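A short worksheet on the structure shown next.
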Amino acid sequence: MTAIAVSALDPREIIARRCARELADGEVVNLGIGIPTLTANHLPADVNVIFHTENGAFGFGAKPGTRDADSDVTNAGCEPVTLRPGAAIMDLTTSLGAMRNGYIDVTILGALEVDQWGNLANWACRRNGRWWPGIGGAMDLCYGARKVVAALQHTDKGGES
């Protein structure tokens, strides 16, 4: 991890940096869409984890440089990532099975809202001019992971709380 002054980071990067501090050496960690994908860029140098992405990669690393990006190797947000030595790529069914069956130690999920009891309101997607619920794999991750971290800003898009 490169040392970056916190004041130079946008709020999403600050949240991702805090999420990275939740991780312990040897854990298998799922990173969801949005702020969670930034967590891989802030992992402390002395912490080695296996990052998982819902779309089927175990063992990915931080974002590559523009020149080294491979559009076939992406995180949950379809952003290019690197593959670390020993990485594995699998189909979606196998990936979802790993999520639901306890192979994930920690999941860091993007969220719309979390209430006082920890209930998670997830995303909706716009398709063909209509909004559709978009729970995705969040329910499988919340069921199967030992620890769930919701990564979200506490403001609207205008920066107001």
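Residue numbering restarts at 1 in every chain; chains get A, B, ... in the order shown in the structure tokens, and ligands count up from 1 in that same order.
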
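Near range 88-103 of chain A, within 8 Å and counting only C-alpha atoms, sit Val28, Glu54, Asn55, Gly56, Ala57, Phe58, Gly59, Gly137, Asp140, Leu141, Tyr143, Gly144, Ala145 and Arg146 of chain A; same-chain residues fewer than 6 positions away were not included.
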
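Atom pair CA of Leu83 in chain A / CA of Ala69 in chain A: separated by 10.8 Å.
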
- prompt: Between A:Ala87, A:Ala40, A:Ala150, A:Ile35, which is the closest to Asp10 in chain A once you count only C-alpha atoms?
  reply: A:Ile35

- request: Could you give me the residues within range 17-110 of chain A that DSSP places in strand (DSSP E), as a count of residues only?
  value: 24

Residue neighbourhood Arg21 in chain A, 9 Å, only C-alpha atoms, exclusion window fewer than 2 positions, as a PDB file with C-alpha atoms, in the first residue's frame:
ATOM      1  CA  ALA A  16     -12.259   1.754   1.926  1.00  0.00           C
ATOM      2  CA  ARG A  17      -9.108   2.339   3.972  1.00  0.00           C
ATOM      3  CA  ARG A  18     -11.129   1.807   7.165  1.00  0.00           C
ATOM      4  CA  CYS A  19     -12.638  -1.383   5.729  1.00  0.00           C
ATOM      5  CA  LEU A  23      -9.189  -7.592   7.737  1.00  0.00           C
ATOM      6  CA  ALA A  24      -6.872 -10.131   9.359  1.00  0.00           C
ATOM      7  CA  HIS A  42      -5.635  -0.080   0.878  1.00  0.00           C
ATOM      8  CA  LEU A  43      -4.632  -3.438   2.350  1.00  0.00           C
ATOM      9  CA  PRO A  44      -1.808  -3.041   4.899  1.00  0.00           C
TER      10      PRO A  44
END

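Between Glu22 in chain A and the residues A:Asn41, A:Thr107, A:Ser161, A:Thr53, the shortest atom-to-atom distance, using only C-alpha atoms, involves A:Thr107.
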
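In this structure, CA of Val73 in chain A sits 18.3 Å away from CA of Val49 in chain A.
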
Shell around Glu27 in chain A at 10 Å using only C-alpha atoms, local window under 4 positions removed, as a PDB file with N, CA and C atoms, in the first residue's frame:
ATOM      1  N   LEU A  23      -9.616  -6.301   8.270  1.00  0.00           N
ATOM      2  CA  LEU A  23      -9.189  -7.592   7.737  1.00  0.00           C
ATOM      3  C   LEU A  23      -7.977  -8.137   8.479  1.00  0.00           C
ATOM      4  N   VAL A  47      -0.648  -7.644   5.944  1.00  0.00           N
ATOM      5  CA  VAL A  47      -1.867  -8.455   5.957  1.00  0.00           C
ATOM      6  C   VAL A  47      -2.034  -9.105   4.586  1.00  0.00           C
ATOM      7  N   ASN A  48      -2.055 -10.432   4.580  1.00  0.00           N
ATOM      8  CA  ASN A  48      -2.270 -11.180   3.342  1.00  0.00           C
ATOM      9  C   ASN A  48      -3.624 -11.855   3.417  1.00  0.00           C
ATOM     10  N   VAL A  49      -4.522 -11.463   2.535  1.00  0.00           N
ATOM     11  CA  VAL A  49      -5.851 -12.066   2.463  1.00  0.00           C
ATOM     12  C   VAL A  49      -6.061 -12.596   1.054  1.00  0.00           C
ATOM     13  N   ILE A  50      -7.080 -13.424   0.905  1.00  0.00           N
ATOM     14  CA  ILE A  50      -7.488 -13.902  -0.410  1.00  0.00           C
ATOM     15  C   ILE A  50      -8.769 -13.159  -0.749  1.00  0.00           C
ATOM     16  N   PHE A  51      -8.696 -12.260  -1.724  1.00  0.00           N
ATOM     17  CA  PHE A  51      -9.889 -11.526  -2.131  1.00  0.00           C
ATOM     18  C   PHE A  51     -10.723 -12.370  -3.080  1.00  0.00           C
ATOM     19  N   TYR A 103     -17.355 -20.441   2.956  1.00  0.00           N
ATOM     20  CA  TYR A 103     -15.952 -20.325   2.555  1.00  0.00           C
ATOM     21  C   TYR A 103     -15.435 -18.888   2.636  1.00  0.00           C
ATOM     22  N   ILE A 104     -16.319 -17.941   2.895  1.00  0.00           N
ATOM     23  CA  ILE A 104     -15.943 -16.532   2.974  1.00  0.00           C
ATOM     24  C   ILE A 104     -15.893 -16.126   4.447  1.00  0.00           C
ATOM     25  N   ASP A 105     -14.760 -15.590   4.880  1.00  0.00           N
ATOM     26  CA  ASP A 105     -14.637 -15.137   6.267  1.00  0.00           C
ATOM     27  C   ASP A 105     -15.296 -13.778   6.468  1.00  0.00           C
ATOM     28  N   VAL A 106     -15.029 -12.847   5.558  1.00  0.00           N
ATOM     29  CA  VAL A 106     -15.531 -11.471   5.673  1.00  0.00           C
ATOM     30  C   VAL A 106     -16.084 -11.044   4.323  1.00  0.00           C
TER      31      VAL A 106
END

- prompt: For the atom pair CA of Gln153 in chain A and CA of Ile15 in chain A, what is the interatomic distance in Å to one decimal place?
  reply: 7.9 Å
